[in-house]
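K.L.:
structure.pdb is the file, holding PDB, C-alpha atoms:
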```
ATOM      1  CA  MET A   1      13.973   4.295 -27.943  1.00  0.00           C
ATOM      2  CA  ALA A   2      13.225   1.763 -25.204  1.00  0.00           C
ATOM      3  CA  GLN A   3      10.943   2.698 -22.367  1.00  0.00           C
ATOM      4  CA  THR A   4      12.104   2.037 -18.828  1.00  0.00           C
ATOM      5  CA  ARG A   5       9.481   0.269 -16.760  1.00  0.00           C
ATOM      6  CA  THR A   6       9.376   1.130 -13.108  1.00  0.00           C
ATOM      7  CA  HIS A   7       8.638  -1.803 -10.837  1.00  0.00           C
ATOM      8  CA  SER A   8       6.692  -1.310  -7.638  1.00  0.00           C
ATOM      9  CA  ARG A   9       5.159  -3.483  -4.945  1.00  0.00           C
ATOM     10  CA  VAL A  10       2.110  -1.297  -4.444  1.00  0.00           C
ATOM     11  CA  ALA A  11      -0.416   0.601  -6.558  1.00  0.00           C
ATOM     12  CA  VAL A  12      -3.715   2.416  -6.123  1.00  0.00           C
ATOM     13  CA  THR A  13      -6.958   2.396  -8.107  1.00  0.00           C
ATOM     14  CA  ASP A  14      -8.441   5.617  -9.472  1.00  0.00           C
ATOM     15  CA  ALA A  15     -11.353   5.350  -7.025  1.00  0.00           C
ATOM     16  CA  ALA A  16      -9.024   4.977  -4.032  1.00  0.00           C
ATOM     17  CA  ALA A  17      -6.816   7.829  -5.304  1.00  0.00           C
ATOM     18  CA  SER A  18      -9.880  10.084  -5.506  1.00  0.00           C
ATOM     19  CA  LEU A  19     -10.870   9.277  -1.920  1.00  0.00           C
ATOM     20  CA  LEU A  20      -7.263   9.805  -0.774  1.00  0.00           C
ATOM     21  CA  ARG A  21      -7.211  13.292  -2.333  1.00  0.00           C
ATOM     22  CA  ARG A  22     -10.434  14.147  -0.488  1.00  0.00           C
ATOM     23  CA  LEU A  23      -9.138  12.729   2.810  1.00  0.00           C
ATOM     24  CA  THR A  24      -5.822  14.569   2.434  1.00  0.00           C
ATOM     25  CA  ALA A  25      -7.694  17.864   2.022  1.00  0.00           C
ATOM     26  CA  GLU A  26      -9.503  17.097   5.264  1.00  0.00           C
ATOM     27  CA  HIS A  27      -6.715  15.495   7.373  1.00  0.00           C
ATOM     28  CA  GLY A  28      -3.413  16.591   5.807  1.00  0.00           C
ATOM     29  CA  PRO A  29      -0.707  14.228   4.490  1.00  0.00           C
ATOM     30  CA  LEU A  30      -1.572  10.530   4.847  1.00  0.00           C
ATOM     31  CA  MET A  31       0.184   7.152   5.013  1.00  0.00           C
ATOM     32  CA  PHE A  32      -0.884   3.493   4.948  1.00  0.00           C
ATOM     33  CA  HIS A  33       0.075   0.591   7.158  1.00  0.00           C
ATOM     34  CA  GLN A  34      -0.844  -3.006   6.338  1.00  0.00           C
ATOM     35  CA  SER A  35      -0.722  -5.271   9.370  1.00  0.00           C
ATOM     36  CA  GLY A  36      -1.371  -8.958   9.653  1.00  0.00           C
ATOM     37  CA  GLY A  37      -4.211  -8.833  12.133  1.00  0.00           C
ATOM     38  CA  CYS A  38      -7.609 -10.387  11.737  1.00  0.00           C
ATOM     39  CA  CYS A  39     -10.855  -8.687  10.746  1.00  0.00           C
ATOM     40  CA  ASP A  40     -10.268  -4.913  10.454  1.00  0.00           C
ATOM     41  CA  GLY A  41      -6.604  -5.491  11.310  1.00  0.00           C
ATOM     42  CA  SER A  42      -6.101  -7.168   7.946  1.00  0.00           C
ATOM     43  CA  ALA A  43      -7.359  -4.120   6.046  1.00  0.00           C
ATOM     44  CA  PRO A  44      -4.960  -1.403   4.924  1.00  0.00           C
ATOM     45  CA  MET A  45      -5.131   1.298   7.572  1.00  0.00           C
ATOM     46  CA  CYS A  46      -4.834   4.942   6.486  1.00  0.00           C
ATOM     47  CA  PHE A  47      -3.563   7.494   8.998  1.00  0.00           C
ATOM     48  CA  PRO A  48      -2.505  11.138   9.014  1.00  0.00           C
ATOM     49  CA  VAL A  49       1.303  11.222   8.862  1.00  0.00           C
ATOM     50  CA  GLY A  50       2.651  11.124  12.417  1.00  0.00           C
ATOM     51  CA  MET A  51      -0.417   9.478  13.953  1.00  0.00           C
ATOM     52  CA  PHE A  52       0.947   5.949  13.411  1.00  0.00           C
ATOM     53  CA  GLN A  53       4.620   5.438  14.186  1.00  0.00           C
ATOM     54  CA  THR A  54       6.469   2.933  12.030  1.00  0.00           C
ATOM     55  CA  GLY A  55       9.483   1.180  13.477  1.00  0.00           C
ATOM     56  CA  PRO A  56      12.247  -1.284  12.669  1.00  0.00           C
ATOM     57  CA  SER A  57       9.709  -4.111  12.319  1.00  0.00           C
ATOM     58  CA  ASP A  58       7.944  -2.331   9.424  1.00  0.00           C
ATOM     59  CA  VAL A  59       8.869  -2.561   5.742  1.00  0.00           C
ATOM     60  CA  ARG A  60       8.311   0.368   3.368  1.00  0.00           C
ATOM     61  CA  LEU A  61       6.532  -1.140   0.347  1.00  0.00           C
ATOM     62  CA  GLY A  62       6.585   2.029  -1.685  1.00  0.00           C
ATOM     63  CA  GLU A  63       4.543   5.112  -2.347  1.00  0.00           C
ATOM     64  CA  LEU A  64       1.341   5.992  -4.131  1.00  0.00           C
ATOM     65  CA  ASP A  65       1.059   8.851  -6.591  1.00  0.00           C
ATOM     66  CA  VAL A  66      -2.541   9.991  -6.190  1.00  0.00           C
ATOM     67  CA  GLY A  67      -2.169  13.387  -7.860  1.00  0.00           C
ATOM     68  CA  LEU A  68      -1.025  15.361  -4.818  1.00  0.00           C
ATOM     69  CA  ALA A  69       2.171  17.336  -4.257  1.00  0.00           C
ATOM     70  CA  GLU A  70       3.587  14.481  -2.158  1.00  0.00           C
ATOM     71  CA  PRO A  71       3.097  10.727  -2.593  1.00  0.00           C
ATOM     72  CA  ILE A  72       1.468   8.604   0.098  1.00  0.00           C
ATOM     73  CA  GLU A  73       3.864   6.092   1.681  1.00  0.00           C
ATOM     74  CA  VAL A  74       2.778   2.485   2.275  1.00  0.00           C
ATOM     75  CA  PHE A  75       4.250   0.273   5.007  1.00  0.00           C
ATOM     76  CA  ILE A  76       3.662  -3.335   6.027  1.00  0.00           C
ATOM     77  CA  SER A  77       4.629  -5.200   9.172  1.00  0.00           C
ATOM     78  CA  GLU A  78       7.775  -7.275   8.691  1.00  0.00           C
ATOM     79  CA  ALA A  79       5.972 -10.480   9.677  1.00  0.00           C
ATOM     80  CA  GLN A  80       3.215  -9.829   7.129  1.00  0.00           C
ATOM     81  CA  PHE A  81       5.780  -8.906   4.475  1.00  0.00           C
ATOM     82  CA  GLU A  82       7.264 -12.399   4.808  1.00  0.00           C
ATOM     83  CA  TYR A  83       3.892 -13.824   3.736  1.00  0.00           C
ATOM     84  CA  TRP A  84       3.299 -11.281   0.963  1.00  0.00           C
ATOM     85  CA  LYS A  85       6.807 -10.608  -0.381  1.00  0.00           C
ATOM     86  CA  TYR A  86       5.993 -12.335  -3.699  1.00  0.00           C
ATOM     87  CA  THR A  87       2.805 -10.306  -4.095  1.00  0.00           C
ATOM     88  CA  HIS A  88       1.952  -6.955  -5.670  1.00  0.00           C
ATOM     89  CA  LEU A  89      -0.686  -5.074  -3.662  1.00  0.00           C
ATOM     90  CA  THR A  90      -3.242  -2.622  -5.017  1.00  0.00           C
ATOM     91  CA  ILE A  91      -5.172  -0.400  -2.633  1.00  0.00           C
ATOM     92  CA  ASP A  92      -8.787  -0.079  -3.698  1.00  0.00           C
ATOM     93  CA  VAL A  93     -11.956   1.261  -2.088  1.00  0.00           C
ATOM     94  CA  VAL A  94     -15.401  -0.321  -1.776  1.00  0.00           C
ATOM     95  CA  PRO A  95     -18.659   0.709  -0.091  1.00  0.00           C
ATOM     96  CA  GLY A  96     -18.816  -0.232   3.569  1.00  0.00           C
ATOM     97  CA  ARG A  97     -17.662   0.802   6.990  1.00  0.00           C
ATOM     98  CA  GLY A  98     -13.913   1.300   7.253  1.00  0.00           C
ATOM     99  CA  ALA A  99     -11.758   0.101  10.118  1.00  0.00           C
ATOM    100  CA  GLY A 100     -12.207   2.023  13.360  1.00  0.00           C
ATOM    101  CA  PHE A 101      -8.942   3.985  13.345  1.00  0.00           C
ATOM    102  CA  SER A 102      -8.522   4.395   9.581  1.00  0.00           C
ATOM    103  CA  VAL A 103      -9.427   7.887   8.327  1.00  0.00           C
ATOM    104  CA  GLU A 104     -11.991   6.652   5.808  1.00  0.00           C
ATOM    105  CA  ALA A 105     -14.128   5.039   8.574  1.00  0.00           C
ATOM    106  CA  PRO A 106     -16.824   7.763   8.621  1.00  0.00           C
ATOM    107  CA  THR A 107     -17.050   8.120   4.816  1.00  0.00           C
ATOM    108  CA  GLY A 108     -19.173   5.056   4.060  1.00  0.00           C
ATOM    109  CA  SER A 109     -16.248   3.542   2.157  1.00  0.00           C
ATOM    110  CA  ARG A 110     -13.412   1.267   3.166  1.00  0.00           C
ATOM    111  CA  PHE A 111      -9.977   0.590   1.758  1.00  0.00           C
ATOM    112  CA  ILE A 112      -9.189  -2.979   0.740  1.00  0.00           C
ATOM    113  CA  ILE A 113      -6.186  -4.787  -0.726  1.00  0.00           C
ATOM    114  CA  ARG A 114      -6.296  -6.538  -4.075  1.00  0.00           C
ATOM    115  CA  SER A 115      -3.291  -8.710  -4.809  1.00  0.00           C
ATOM    116  CA  ARG A 116      -1.548 -10.577  -7.588  1.00  0.00           C
ATOM    117  CA  MET A 117       1.677 -12.524  -7.787  1.00  0.00           C
ATOM    118  CA  LEU A 118       4.753 -10.573  -8.876  1.00  0.00           C
ATOM    119  CA  THR A 119       5.824 -11.166 -12.469  1.00  0.00           C
ATOM    120  CA  ASP A 120       9.175 -12.775 -13.298  1.00  0.00           C
ATOM    121  CA  ALA A 121      10.554  -9.339 -14.226  1.00  0.00           C
ATOM    122  CA  GLU A 122       9.361  -7.896 -10.912  1.00  0.00           C
ATOM    123  CA  LEU A 123      10.838 -10.822  -8.979  1.00  0.00           C
ATOM    124  CA  ASP A 124      14.177 -10.244 -10.714  1.00  0.00           C
ATOM    125  CA  HIS A 125      13.993  -6.510 -10.015  1.00  0.00           C
ATOM    126  CA  PHE A 126      13.364  -7.104  -6.303  1.00  0.00           C
ATOM    127  CA  GLY A 127      16.178  -9.663  -6.072  1.00  0.00           C
ATOM    128  CA  MET A 128      13.928 -12.681  -5.642  1.00  0.00           C
ATOM    129  CA  GLY A 129      13.956 -14.313  -9.072  1.00  0.00           C
ATOM    130  CA  PRO A 130      16.382 -16.761 -10.650  1.00  0.00           C
ATOM    131  CA  HIS A 131      17.999 -13.914 -12.649  1.00  0.00           C
ATOM    132  CA  ALA A 132      17.799 -11.338  -9.873  1.00  0.00           C
ATOM    133  CA  THR A 133      19.602  -8.026 -10.121  1.00  0.00           C
ATOM    134  CA  ALA A 134      19.742  -5.436  -7.403  1.00  0.00           C
ATOM    135  CA  GLY A 135      17.114  -2.823  -8.031  1.00  0.00           C
TER     136      GLY A 135
END
```
Taking this structure as input, can you express it in the form of structure tokens?

P.N.:
Amino acid sequence: MAQTRTHSRVAVTDAAASLLRRLTAEHGPLMFHQSGGCCDGSAPMCFPVGMFQTGPSDVRLGELDVGLAEPIEVFISEAQFEYWKYTHLTIDVVPGRGAGFSVEAPTGSRFIIRSRMLTDAELDHFGMGPHATAG
């Protein structure tokens, strides 16, 4: 029996998932937004749901299963998505001071993005490869 592989544009490390569970217990449901700013603005920003309003110029990259009842949605600005549309993003956490408005700021840790190019199969799945199928 063949296994079906689910393709996604975004993932999370175990360390980041652990911090997200802790932050959710403290702040309630969370979401991420990746903008294209400089300095802290280029870091993935984590907010309580409803604190940051997404709009028509934001792209929903996907959701993160971190072991909670509900997944954590991840958005990116449309302009930034144009630069990163061929890239898979993984949200990770490292020691350091987080961005000023992101909920991890006071924890002594900060979220970062690790990236890799999408595989041929992923490109096809997302309609961007030479053998693209809607997916």

K.L.:
Evaluating the PyMOL selection byres ((chain A and resi 84) around 12) on the displayed file yields which residues, as an MDAnalysis selection string?

P.N.:
chainID A and resid 9:10 34:36 59 61 76:83 85:89 113:118

K.L.:
Just how far from CA of Val103 in chain A is CA of Val74 in chain A, in Å to one decimal?

P.N.:
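Between CA of Val74 in chain A and CA of Val103 in chain A the gap is 14.7 Å.
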
K.L.:
Considering all atoms listed in the file, return as a list in words whatever protein or nucleic-acid residues lie within 12 Å of Ala15 in chain A, sequence-local ones (same chain, fewer than 6 positions apart) excluded.

P.N.:
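Listed by chain and then number, they are Arg21, Arg22, Val66, Thr90, Ile91, Asp92, Val93, Val94, Pro95, Ser109, Arg110, Phe111 and Ile112 of chain A.
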
K.L.:
Which polymer residues, protein or nucleic acid, are no farther than 12 Å from (-6.7, 10.2, -1.8), counting all atoms listed in the file, as a PyMOL selection string?

P.N.:
chain A and resi 12-32+46-48+64-73+91-93+103-104+111

K.L.:
Separation of CA of Ser57 in chain A and CA of Pro106 in chain A, in Å?

P.N.:
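So the answer is 29.3 Å.
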
K.L.:
Work out how far apart CA of Ser8 in chain A and CA of Leu123 in chain A are and give it in Å to one decimal.

P.N.:
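A separation of 10.5 Å between them.
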
K.L.:
Identify which of the residues A:Thr6, A:Ser102, A:Ser42, A:Gln53 lies closest to Ala121 in chain A, counting only C-alpha atoms when measuring atom-to-atom distances.

P.N.:
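Looking at the shortest contact to Ala121 in chain A, the residue is A:Thr6.
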
K.L.:
Let me have the centre and edge lengths of the axis-aligned box enclosing all listed atoms of range 107-110 of chain A with 6 Å padding on every side, in Å to one decimal, as JSON.

P.N.:
```
{"center_x": -16.3, "center_y": 4.7, "center_z": 3.5, "size_x": 17.8, "size_y": 18.9, "size_z": 14.7}
```

K.L.:
Nearest to His7 in chain A: which of A:Met45, A:Glu63, A:Arg97, A:His125 is it, counting all atoms listed in the file?

P.N.:
A:His125
